[in-house]
>>> print(open('entry.txt').read())   # compact mmCIF, C-alpha atoms and all ligand atoms
# COMPACT_ATOMS: atom_id res chain seq x y z
CA MET X 23 -16.64 15.01 13.66
CA LYS X 24 -18.21 12.12 15.49
CA ILE X 25 -17.94 8.96 13.40
CA VAL X 26 -19.75 5.69 14.12
CA ILE X 27 -18.49 2.44 12.55
CA ALA X 28 -21.19 -0.25 12.72
CA GLY X 29 -19.36 -3.57 12.58
CA GLY X 30 -16.40 -1.65 14.00
CA ALA X 31 -14.87 -4.69 15.72
CA GLY X 32 -14.71 -6.68 12.46
CA PHE X 33 -11.80 -7.15 10.08
CA LEU X 34 -12.46 -4.11 7.90
CA GLY X 35 -14.08 -2.03 10.67
CA GLN X 36 -10.90 -2.06 12.76
CA LYS X 37 -8.70 -1.32 9.75
CA LEU X 38 -10.96 1.57 8.78
CA CYS X 39 -10.79 2.92 12.33
CA ARG X 40 -6.98 2.95 12.26
CA ARG X 41 -7.01 4.66 8.90
CA LEU X 42 -9.43 7.35 10.10
CA LEU X 43 -7.09 8.10 13.02
CA ASP X 44 -4.30 8.68 10.49
CA GLU X 45 -6.61 10.71 8.29
CA ALA X 46 -7.39 13.01 11.27
CA ALA X 47 -10.11 14.99 9.45
CA LEU X 48 -13.07 14.29 7.16
CA THR X 49 -15.61 16.29 5.20
CA ASP X 50 -19.04 16.55 6.80
CA ALA X 51 -22.38 16.49 4.96
CA ALA X 52 -22.33 20.29 4.74
CA GLY X 53 -18.99 20.16 2.89
CA SER X 54 -16.76 21.40 5.74
CA CYS X 55 -13.51 19.59 6.53
CA ARG X 56 -13.42 19.02 10.31
CA PRO X 57 -11.11 17.16 12.68
CA ILE X 58 -12.20 13.72 13.85
CA ALA X 59 -12.96 14.15 17.55
CA ARG X 60 -14.60 10.77 18.26
CA ILE X 61 -14.91 7.35 16.65
CA VAL X 62 -17.48 4.96 18.16
CA LEU X 63 -17.06 1.28 17.28
CA PHE X 64 -20.47 -0.36 17.46
CA ASP X 65 -20.52 -4.16 17.22
CA GLN X 66 -21.90 -7.25 18.87
CA VAL X 67 -18.36 -8.05 20.03
CA ALA X 68 -15.61 -5.86 21.51
CA PRO X 69 -12.71 -4.60 19.36
CA ALA X 70 -9.03 -5.39 20.06
CA PRO X 71 -8.08 -3.61 23.32
CA ALA X 72 -5.05 -1.99 21.61
CA LEU X 73 -7.41 0.02 19.42
CA LEU X 74 -9.02 1.62 22.46
CA ALA X 75 -5.71 3.13 23.63
CA ASP X 76 -6.42 6.22 21.52
CA GLY X 77 -8.59 8.60 23.53
CA ARG X 78 -10.77 9.41 20.51
CA ILE X 79 -12.05 5.83 20.27
CA SER X 80 -14.82 4.27 22.32
CA HIS X 81 -16.92 1.18 21.74
CA VAL X 82 -20.45 -0.01 22.38
CA VAL X 83 -21.35 -3.71 22.34
CA GLY X 84 -24.88 -4.16 21.02
CA ASP X 85 -27.12 -5.62 18.35
CA LEU X 86 -27.79 -3.86 15.05
CA ALA X 87 -31.32 -5.25 15.20
CA ASP X 88 -31.99 -3.29 18.41
CA ALA X 89 -33.36 0.05 17.18
CA ALA X 90 -33.22 1.76 20.59
CA THR X 91 -29.53 0.94 21.07
CA ILE X 92 -28.65 2.21 17.59
CA ALA X 93 -30.50 5.47 18.19
CA ARG X 94 -28.68 5.92 21.51
CA VAL X 95 -25.26 5.23 19.96
CA LEU X 96 -25.82 7.78 17.20
CA GLY X 97 -27.44 10.38 19.48
CA ASP X 98 -27.93 13.81 17.91
CA ASP X 99 -24.26 14.57 17.33
CA THR X 100 -23.10 11.92 14.83
CA ASP X 101 -21.75 13.32 11.57
CA SER X 102 -20.95 10.13 9.65
CA VAL X 103 -21.73 6.44 9.86
CA PHE X 104 -19.83 3.65 8.12
CA HIS X 105 -22.11 0.61 7.99
CA LEU X 106 -20.03 -2.57 7.87
CA ALA X 107 -22.02 -4.78 10.25
CA ALA X 108 -23.41 -7.90 8.63
CA VAL X 109 -24.17 -11.55 8.89
CA VAL X 110 -21.74 -12.54 6.13
CA SER X 111 -22.39 -14.77 3.14
CA ALA X 112 -22.34 -18.37 4.39
CA GLY X 113 -23.88 -17.28 7.70
CA ALA X 114 -26.81 -15.57 5.95
CA GLU X 115 -27.29 -18.58 3.68
CA ALA X 116 -27.25 -21.01 6.62
CA ASP X 117 -29.71 -18.99 8.73
CA PHE X 118 -32.31 -17.32 6.49
CA ASP X 119 -34.17 -15.54 9.31
CA LEU X 120 -31.06 -14.21 11.03
CA GLY X 121 -29.66 -12.93 7.73
CA TRP X 122 -32.78 -10.91 6.87
CA HIS X 123 -33.20 -9.74 10.46
CA ILE X 124 -29.70 -8.28 10.80
CA ASN X 125 -28.86 -7.39 7.21
CA LEU X 126 -32.21 -5.84 6.30
CA ASP X 127 -34.06 -4.94 9.53
CA GLY X 128 -30.81 -3.83 11.18
CA THR X 129 -29.87 -1.70 8.16
CA ARG X 130 -33.34 -0.12 8.22
CA HIS X 131 -32.95 0.71 11.94
CA LEU X 132 -29.61 2.30 11.19
CA CYS X 133 -31.08 4.35 8.31
CA GLU X 134 -33.89 5.52 10.60
CA ALA X 135 -31.44 6.47 13.34
CA VAL X 136 -29.31 8.49 10.89
CA ARG X 137 -32.48 10.15 9.55
CA THR X 138 -33.47 11.32 13.03
CA ILE X 139 -30.09 12.76 14.00
CA GLY X 140 -31.61 16.13 13.23
CA ARG X 141 -28.79 17.54 11.12
CA PRO X 142 -27.21 16.53 7.82
CA ALA X 143 -25.20 13.32 8.15
CA LYS X 144 -23.45 10.82 5.87
CA LEU X 145 -23.88 7.05 5.67
CA VAL X 146 -21.45 4.82 3.75
CA PHE X 147 -22.70 1.26 3.25
CA ALA X 148 -20.53 -1.81 2.51
CA SER X 149 -22.36 -3.83 -0.13
CA SER X 150 -20.92 -6.77 -2.04
CA LEU X 151 -20.44 -8.37 -5.45
CA ALA X 152 -22.94 -10.89 -4.09
CA ALA X 153 -25.48 -8.35 -5.40
CA TYR X 154 -24.81 -9.97 -8.81
CA GLY X 155 -26.12 -13.38 -9.84
CA GLY X 156 -27.43 -15.43 -12.74
CA GLN X 157 -25.65 -15.55 -16.08
CA LEU X 158 -22.93 -12.94 -15.64
CA PRO X 159 -20.81 -11.31 -18.33
CA ASP X 160 -17.07 -11.46 -17.84
CA PRO X 161 -15.98 -9.00 -16.68
CA VAL X 162 -18.89 -7.58 -14.69
CA THR X 163 -19.20 -3.85 -15.40
CA ASP X 164 -21.32 -0.82 -14.48
CA GLU X 165 -23.91 -2.00 -17.02
CA THR X 166 -24.40 -5.46 -15.46
CA PRO X 167 -27.80 -5.75 -13.72
CA ALA X 168 -27.61 -6.63 -10.03
CA THR X 169 -29.80 -9.72 -9.75
CA PRO X 170 -28.65 -11.60 -6.66
CA GLU X 171 -29.04 -15.34 -6.31
CA THR X 172 -28.28 -15.75 -2.62
CA SER X 173 -30.00 -14.47 0.53
CA TYR X 174 -26.87 -12.48 1.46
CA GLY X 175 -26.76 -10.93 -2.01
CA ALA X 176 -30.45 -10.05 -1.87
CA GLN X 177 -29.95 -8.47 1.57
CA LYS X 178 -27.01 -6.40 0.34
CA ARG X 179 -28.98 -5.26 -2.72
CA ALA X 180 -31.91 -4.36 -0.45
CA GLY X 181 -29.53 -2.37 1.76
CA GLU X 182 -28.27 -0.42 -1.28
CA LEU X 183 -31.85 0.41 -2.27
CA LEU X 184 -32.71 1.55 1.26
CA VAL X 185 -29.66 3.80 1.45
CA ALA X 186 -30.40 5.23 -2.03
CA ASP X 187 -34.05 5.93 -1.26
CA TYR X 188 -33.32 7.63 2.07
CA ALA X 189 -30.70 9.69 0.22
CA ARG X 190 -33.19 10.57 -2.56
CA LYS X 191 -35.62 11.84 0.06
CA GLY X 192 -32.85 13.99 1.52
CA PHE X 193 -32.91 12.20 4.90
CA PHE X 194 -29.13 11.84 4.77
CA ASP X 195 -26.24 11.69 2.30
CA GLY X 196 -26.10 7.94 1.59
CA ARG X 197 -23.54 6.09 -0.50
CA SER X 198 -22.92 2.38 -1.13
CA MET X 199 -20.11 0.43 -2.70
CA ARG X 200 -19.93 -3.16 -3.88
CA LEU X 201 -16.83 -4.78 -2.46
CA PRO X 202 -14.99 -7.57 -4.30
CA THR X 203 -13.66 -10.40 -2.12
CA ILE X 204 -11.08 -8.85 0.16
CA SER X 205 -7.83 -10.78 0.27
CA VAL X 206 -5.73 -11.38 2.24
CA ARG X 207 -7.81 -11.41 5.43
CA PRO X 208 -5.53 -11.87 8.48
CA GLY X 209 -6.29 -13.96 11.55
CA LYS X 210 -9.06 -16.50 11.59
CA PRO X 211 -11.50 -17.02 8.71
CA ASN X 212 -15.07 -15.72 9.19
CA LYS X 213 -18.20 -17.37 7.79
CA ALA X 214 -17.78 -15.99 4.27
CA ALA X 215 -18.00 -18.66 1.53
CA SER X 216 -15.03 -16.95 -0.15
CA GLY X 217 -12.72 -17.59 2.83
CA PHE X 218 -10.33 -19.80 0.83
CA ALA X 219 -9.33 -16.80 -1.32
CA SER X 220 -7.50 -15.51 1.75
CA GLY X 221 -6.64 -18.90 3.24
CA ILE X 222 -4.71 -19.88 0.13
CA ALA X 223 -2.14 -17.19 0.95
CA ARG X 224 -2.50 -16.75 4.71
CA GLU X 225 -2.18 -20.40 5.77
CA PRO X 226 0.93 -21.30 3.69
CA LEU X 227 2.66 -18.05 4.67
CA ASN X 228 2.04 -18.93 8.31
CA GLY X 229 3.44 -22.46 7.83
CA ILE X 230 0.02 -24.15 7.80
CA ASP X 231 -1.15 -26.65 5.15
CA MET X 232 -4.24 -25.58 3.22
CA ALA X 233 -6.87 -27.48 1.25
CA CYS X 234 -8.31 -25.23 -1.47
CA PRO X 235 -11.90 -26.32 -2.22
CA VAL X 236 -11.94 -25.12 -5.86
CA ARG X 237 -9.96 -25.95 -9.01
CA PRO X 238 -6.63 -24.09 -9.51
CA GLU X 239 -7.97 -22.29 -12.60
CA SER X 240 -10.98 -20.89 -10.70
CA CYS X 241 -10.90 -17.09 -10.85
CA MET X 242 -12.24 -14.57 -8.38
CA ALA X 243 -12.45 -10.77 -8.32
CA LEU X 244 -10.14 -9.69 -5.49
CA MET X 245 -9.13 -6.49 -3.75
CA SER X 246 -6.57 -5.95 -0.98
CA PRO X 247 -7.51 -4.50 2.42
CA ARG X 248 -5.35 -1.45 1.64
CA ARG X 249 -7.33 -0.64 -1.49
CA VAL X 250 -10.74 -1.17 0.06
CA ILE X 251 -9.93 1.05 3.05
CA ASP X 252 -8.76 3.73 0.59
CA ALA X 253 -12.11 3.28 -1.18
CA PHE X 254 -14.14 3.76 2.03
CA VAL X 255 -12.39 7.06 2.72
CA ARG X 256 -12.58 8.19 -0.92
CA LEU X 257 -16.30 7.40 -1.17
CA HIS X 258 -16.96 9.31 2.05
CA GLU X 259 -15.04 12.32 0.82
CA LEU X 260 -16.45 12.43 -2.72
CA PRO X 261 -18.59 15.53 -3.42
CA ARG X 262 -22.20 14.30 -3.61
CA ASP X 263 -22.87 15.54 -7.15
CA ARG X 264 -19.83 13.66 -8.54
CA LEU X 265 -21.18 10.29 -7.45
CA GLY X 266 -24.35 10.73 -9.47
CA TRP X 267 -27.33 8.38 -9.46
CA PRO X 268 -27.65 5.72 -8.17
CA PRO X 269 -25.26 6.51 -5.30
CA THR X 270 -23.83 2.98 -5.58
CA LEU X 271 -20.37 2.20 -6.84
CA LEU X 272 -18.87 -1.02 -8.20
CA LEU X 273 -15.27 -1.39 -7.02
CA PRO X 274 -12.62 -2.81 -9.39
CA GLY X 275 -11.83 -6.42 -8.52
CA LEU X 276 -8.61 -7.96 -9.90
CA ARG X 277 -8.99 -11.25 -11.77
CA ALA X 278 -6.97 -13.84 -9.85
CA SER X 279 -6.95 -17.60 -10.28
CA MET X 280 -6.17 -19.75 -7.28
CA ARG X 281 -3.13 -21.09 -9.14
CA GLU X 282 -1.83 -17.52 -9.60
CA MET X 283 -2.37 -16.91 -5.88
CA ALA X 284 -0.42 -20.06 -4.95
CA GLU X 285 2.42 -19.15 -7.34
CA ALA X 286 2.59 -15.58 -6.01
CA VAL X 287 2.83 -16.95 -2.46
CA SER X 288 5.85 -19.09 -3.45
CA ARG X 289 7.47 -16.16 -5.28
CA ASN X 290 7.12 -13.73 -2.40
CA ALA X 291 7.65 -15.99 0.62
CA GLY X 292 11.33 -15.12 1.15
CA ASN X 293 12.87 -17.49 3.72
CA ARG X 294 9.55 -18.56 5.23
CA LYS X 295 8.84 -22.27 5.49
CA LEU X 296 5.59 -22.52 3.58
CA GLY X 297 2.61 -24.72 4.40
CA ARG X 298 1.50 -26.88 1.45
CA ILE X 299 -1.52 -26.13 -0.76
CA ARG X 300 -3.65 -29.06 -1.93
CA PHE X 301 -6.53 -28.66 -4.33
CA GLU X 302 -9.45 -30.76 -3.06
CA VAL X 303 -12.55 -29.71 -4.96
CA ASP X 304 -15.74 -29.43 -2.96
CA PRO X 305 -18.44 -29.58 -5.68
CA MET X 306 -20.82 -27.36 -3.71
CA ILE X 307 -18.27 -24.59 -3.18
CA GLN X 308 -17.01 -24.95 -6.76
CA ARG X 309 -20.57 -24.43 -8.03
CA ILE X 310 -21.04 -21.32 -5.88
CA VAL X 311 -17.70 -19.83 -6.94
CA ASP X 312 -18.35 -20.55 -10.64
CA GLY X 313 -21.38 -18.24 -10.36
CA TRP X 314 -19.42 -15.27 -8.95
CA PRO X 315 -17.90 -12.39 -10.94
CA LYS X 316 -14.35 -13.26 -12.00
CA GLU X 317 -13.32 -9.67 -12.55
CA THR X 318 -15.06 -6.31 -12.15
CA ARG X 319 -14.39 -3.12 -14.09
CA SER X 320 -16.09 0.17 -13.41
CA ALA X 321 -15.55 3.16 -15.67
CA LYS X 322 -17.42 5.25 -13.10
CA ALA X 323 -15.13 4.18 -10.23
CA THR X 324 -12.01 4.71 -12.35
CA ALA X 325 -13.15 8.18 -13.41
CA LEU X 326 -13.65 9.03 -9.73
CA GLY X 327 -10.12 7.91 -8.85
CA PHE X 328 -10.90 4.56 -7.21
CA GLN X 329 -8.07 2.08 -7.78
CA GLY X 330 -7.86 -1.68 -7.81
CA ASP X 331 -4.73 -3.71 -7.14
CA ALA X 332 -2.05 -3.83 -9.82
CA SER X 333 -1.32 -7.58 -9.60
CA VAL X 334 -1.69 -10.74 -7.56
CA ASP X 335 1.89 -10.21 -6.36
CA ALA X 336 0.91 -6.76 -5.05
CA ILE X 337 -1.89 -8.33 -2.99
CA ILE X 338 0.46 -10.94 -1.46
CA LYS X 339 3.20 -8.37 -0.82
CA ALA X 340 0.71 -6.06 0.93
CA TYR X 341 -0.31 -8.91 3.29
CA ILE X 342 3.33 -9.76 4.08
CA ALA X 343 4.15 -6.10 4.72
CA ASP X 344 1.04 -5.25 6.75
CA GLU X 345 0.45 -8.43 8.73
CA LEU X 346 3.69 -10.43 8.83
CA GLY X 347 6.12 -7.62 9.55
CA GLY X 348 7.52 -7.35 6.01
N1 LIG X 401 -14.32 -9.01 3.56
C1 LIG X 401 -14.86 -9.24 2.36
O1 LIG X 401 -14.32 -9.98 1.52
C2 LIG X 401 -16.15 -8.55 1.98
C3 LIG X 401 -16.60 -8.65 0.65
C4 LIG X 401 -17.80 -8.03 0.31
C5 LIG X 401 -18.53 -7.34 1.27
N2 LIG X 401 -18.07 -7.28 2.56
C6 LIG X 401 -18.87 -6.56 3.55
O2 LIG X 401 -18.03 -5.65 4.26
C7 LIG X 401 -18.43 -5.57 5.62
C8 LIG X 401 -17.27 -5.84 6.54
O3 LIG X 401 -16.74 -7.12 6.24
P1 LIG X 401 -15.65 -7.85 7.17
O4 LIG X 401 -14.87 -8.73 6.29
O5 LIG X 401 -14.98 -6.84 8.04
O6 LIG X 401 -16.60 -8.79 8.04
P2 LIG X 401 -16.50 -9.18 9.58
O7 LIG X 401 -17.32 -10.40 9.78
O8 LIG X 401 -15.06 -9.25 10.02
O9 LIG X 401 -17.17 -7.92 10.29
C9 LIG X 401 -18.55 -7.76 10.38
C10 LIG X 401 -18.85 -7.31 11.80
O10 LIG X 401 -20.27 -7.17 11.93
C11 LIG X 401 -20.58 -7.54 13.25
N3 LIG X 401 -21.99 -7.89 13.38
C12 LIG X 401 -22.63 -8.95 12.84
N4 LIG X 401 -23.90 -8.97 13.26
C13 LIG X 401 -24.07 -7.90 14.08
C14 LIG X 401 -25.16 -7.42 14.84
N5 LIG X 401 -26.35 -8.04 14.86
N6 LIG X 401 -24.98 -6.29 15.57
C15 LIG X 401 -23.79 -5.67 15.59
N7 LIG X 401 -22.71 -6.10 14.90
C16 LIG X 401 -22.85 -7.20 14.15
C17 LIG X 401 -19.68 -8.74 13.53
O11 LIG X 401 -19.54 -8.99 14.93
C18 LIG X 401 -18.39 -8.34 12.86
O12 LIG X 401 -17.47 -7.75 13.76
C19 LIG X 401 -19.59 -6.56 5.79
O13 LIG X 401 -20.80 -5.84 5.69
C20 LIG X 401 -19.44 -7.50 4.61
O14 LIG X 401 -20.68 -8.04 4.23
C21 LIG X 401 -16.89 -7.85 2.93
>>> encode(input="entry.txt", output="structure tokens", more="lines below")
Ligand SMILES: NC(=O)c1ccc[n+]([C@@H]2O[C@H](COP(=O)([O-])OP(=O)(O)OC[C@H]3O[C@@H](n4cnc5c(N)ncnc54)[C@H](O)[C@@H]3O)[C@@H](O)[C@H]2O)c1
Amino acid sequence: MKIVIAGGAGFLGQKLCRRLLDEAALTDAAGSCRPIARIVLFDQVAPAPALLADGRISHVVGDLADAATIARVLGDDTDSVFHLAAVVSAGAEADFDLGWHINLDGTRHLCEAVRTIGRPAKLVFASSLAAYGGQLPDPVTDETPATPETSYGAQKRAGELLVADYARKGFFDGRSMRLPTISVRPGKPNKAASGFASGIAREPLNGIDMACPVRPESCMALMSPRRVIDAFVRLHELPRDRLGWPPTLLLPGLRASMREMAEAVSRNAGNRKLGRIRFEVDPMIQRIVDGWPKETRSAKATALGFQGDASVDAIIKAYIADELGG
């Protein structure tokens, strides 16, 4: 199998790459389980050098909006593409033209390149709960209409529709999933508006003070990196007919208030000297967050074996184990 991860130098792209190396084999679009021979990380920036130590991994630095580069990266021997490249939420809101150019035009180029590979291939697309907007039920479920209220959300919804329509035409086996906010994100924050949902755990656990821009009782639908990487692999491996129509899945996001996050950090910190958390409400961010799903439940995802996180403590413990050495 030759696998391409678009956005492969990002937070989830690099984690997915490591997981695929452990996985060693995947099921191709014809239903055969084959060893992973090559993983190509395509991104506008280079991945961590350590990742390239494995001989199966290579990388190409390029722009998703450049159709010729995408076609060259995929060639005629790619079996599966994971599409994680995006201008993320606050970035797409701040720069309307860039957001549509990369998140829609770039996704279309990628779909076209997969279509022209010349043999059956799979495409797994990372969508987002930003696909929901307006007056939302609590929790959001499979029945909730996806009516985005941000440019990023509209671009993700458009990406889902593209992937579904190319799949319907039989151009490739396309699948999308709506990710909750992934927490805890290690390292530096990116331009996602939801960054504080990771910062509220990451900064204190690394001895840094943190100002949370929303009220302590504000709830968000969260999922740990471990669970979302499991979901990428599971969605790729799922027999096509089990996914049904549309080929878009809502992932289960755990309801977590920022107060619960702060308390779970204190409970699980061990001997670490914690940074302090202050709640300093930014009315603009509070308004945005109040409009997001607070919890997501999907009977379809559960029936297909997709799992959310058991508790807020489990999310914090996973970060400490995976990123802080236990
Ligand atoms: N992390 C989350 O909480 C979350 C939640 C919902 C959806 N998602 C989606 O999951 C995917 C991965 O998220 P992430 O947290 O790893 O984000 P990330 O920002 O760490 O990674 C995205 C990658 O896309 C790359 N990229 C951006 N524009 C590009 C371009 N023009 N050409 C090539 N590469 C480009 C970036 O360089 C980056 O490495 C994204 O599509 C994001 O929208 C993430």
>>> residues_near_ligand(input="entry.txt", ligand="ligand LIG 401 (chain X)", cutoff="6 Å", atoms="only C-alpha atoms and all ligand atoms", output="ChimeraX atom specification")
/X:29,31-35,65-67,84-87,106-110,124,148-150,201-204,212
>>> residues_around(input="entry.txt", residues="X:Ala214", least_positions_apart="5", cutoff="12 Å", atoms="only C-alpha atoms", output="list in words")
Ala108, Val109, Val110, Ser111, Ala112, Gly113, Ala114, Glu115, Ala116, Ser150, Ala152, Tyr174, Thr203, Ile204, Ser205, Arg207, Ala219, Ser220, Gly221, Ile307, Ile310 and Val311 of chain X
>>> closest_residue(input="entry.txt", among="X:Ala46, X:Asn293, X:Glu302, X:Thr318", to="X:Glu165", atoms="only C-alpha atoms")
X:Thr318
>>> residues_around(input="entry.txt", residues="X:Gln157", least_positions_apart="3", cutoff="10 Å", atoms="all atoms listed in the file", output="MDAnalysis selection string")
chainID X and resid 154 160 169 313:315
>>> atom_distance(input="entry.txt", atom1="atom CA of X:Arg249", atom2="atom CA of X:Val334")
13.1 Å
>>> residues_around(input="entry.txt", residues="X:Val236", least_positions_apart="3", cutoff="9 Å", atoms="only C-alpha atoms", output="JSON, numbers by chain")
{"X": [218, 239, 240, 280, 301, 302, 303, 304, 305, 307, 308, 309, 311]}
>>> decode(input="entry.txt", residues="stretch 137-159 of chain X", atoms="N, CA and C atoms", output="short mmCIF file (atom, residue, chain, number, x, y, z; two decimals), in the first residue's frame")
data_model
loop_
_atom_site.label_atom_id
_atom_site.label_comp_id
_atom_site.auth_asym_id
_atom_site.auth_seq_id
_atom_site.Cartn_x
_atom_site.Cartn_y
_atom_site.Cartn_z
N ARG X 137 -9.31 10.65 -8.18
CA ARG X 137 -10.15 10.13 -9.26
C ARG X 137 -9.31 9.64 -10.44
N THR X 138 -8.21 10.34 -10.70
CA THR X 138 -7.43 10.01 -11.90
C THR X 138 -6.29 9.03 -11.63
N ILE X 139 -6.25 8.48 -10.42
CA ILE X 139 -5.19 7.51 -10.13
C ILE X 139 -5.27 6.34 -11.12
N GLY X 140 -6.48 6.00 -11.52
CA GLY X 140 -6.60 4.95 -12.54
C GLY X 140 -6.85 3.58 -11.97
N ARG X 141 -6.99 3.49 -10.67
CA ARG X 141 -7.40 2.22 -10.04
C ARG X 141 -8.14 2.57 -8.76
N PRO X 142 -8.92 1.65 -8.21
CA PRO X 142 -9.72 1.98 -7.04
C PRO X 142 -8.85 2.47 -5.89
N ALA X 143 -9.27 3.57 -5.27
CA ALA X 143 -8.50 4.11 -4.14
C ALA X 143 -9.48 4.59 -3.08
N LYS X 144 -8.96 4.82 -1.87
CA LYS X 144 -9.79 5.31 -0.77
C LYS X 144 -9.35 6.72 -0.39
N LEU X 145 -10.34 7.51 0.06
CA LEU X 145 -10.05 8.85 0.59
C LEU X 145 -10.81 9.02 1.90
N VAL X 146 -10.10 9.33 2.97
CA VAL X 146 -10.72 9.58 4.28
C VAL X 146 -10.53 11.06 4.60
N PHE X 147 -11.63 11.77 4.82
CA PHE X 147 -11.61 13.22 4.99
C PHE X 147 -11.92 13.62 6.43
N ALA X 148 -11.08 14.50 6.99
CA ALA X 148 -11.29 15.00 8.36
C ALA X 148 -12.20 16.21 8.32
N SER X 149 -13.48 16.01 8.63
CA SER X 149 -14.40 17.13 8.75
C SER X 149 -14.47 17.54 10.24
N SER X 150 -15.46 18.30 10.59
CA SER X 150 -15.47 18.91 11.93
C SER X 150 -16.89 19.15 12.43
N LEU X 151 -17.03 19.24 13.75
CA LEU X 151 -18.32 19.63 14.33
C LEU X 151 -18.70 21.04 13.93
N ALA X 152 -17.73 21.78 13.36
CA ALA X 152 -18.06 23.12 12.85
C ALA X 152 -19.08 23.04 11.71
N ALA X 153 -19.32 21.83 11.19
CA ALA X 153 -20.36 21.65 10.17
C ALA X 153 -21.75 21.93 10.75
N TYR X 154 -21.86 21.98 12.09
CA TYR X 154 -23.15 22.31 12.73
C TYR X 154 -23.18 23.78 13.11
N GLY X 155 -24.39 24.36 13.11
CA GLY X 155 -24.54 25.75 13.53
C GLY X 155 -26.00 26.07 13.74
N GLY X 156 -26.28 27.27 14.18
CA GLY X 156 -27.66 27.67 14.46
C GLY X 156 -28.10 27.16 15.81
N GLN X 157 -29.43 27.03 15.98
CA GLN X 157 -29.96 26.54 17.25
C GLN X 157 -29.76 25.03 17.31
N LEU X 158 -28.84 24.59 18.15
CA LEU X 158 -28.51 23.16 18.17
C LEU X 158 -29.18 22.45 19.33
N PRO X 159 -29.64 21.22 19.10
CA PRO X 159 -30.12 20.42 20.23
C PRO X 159 -28.92 19.99 21.08
#
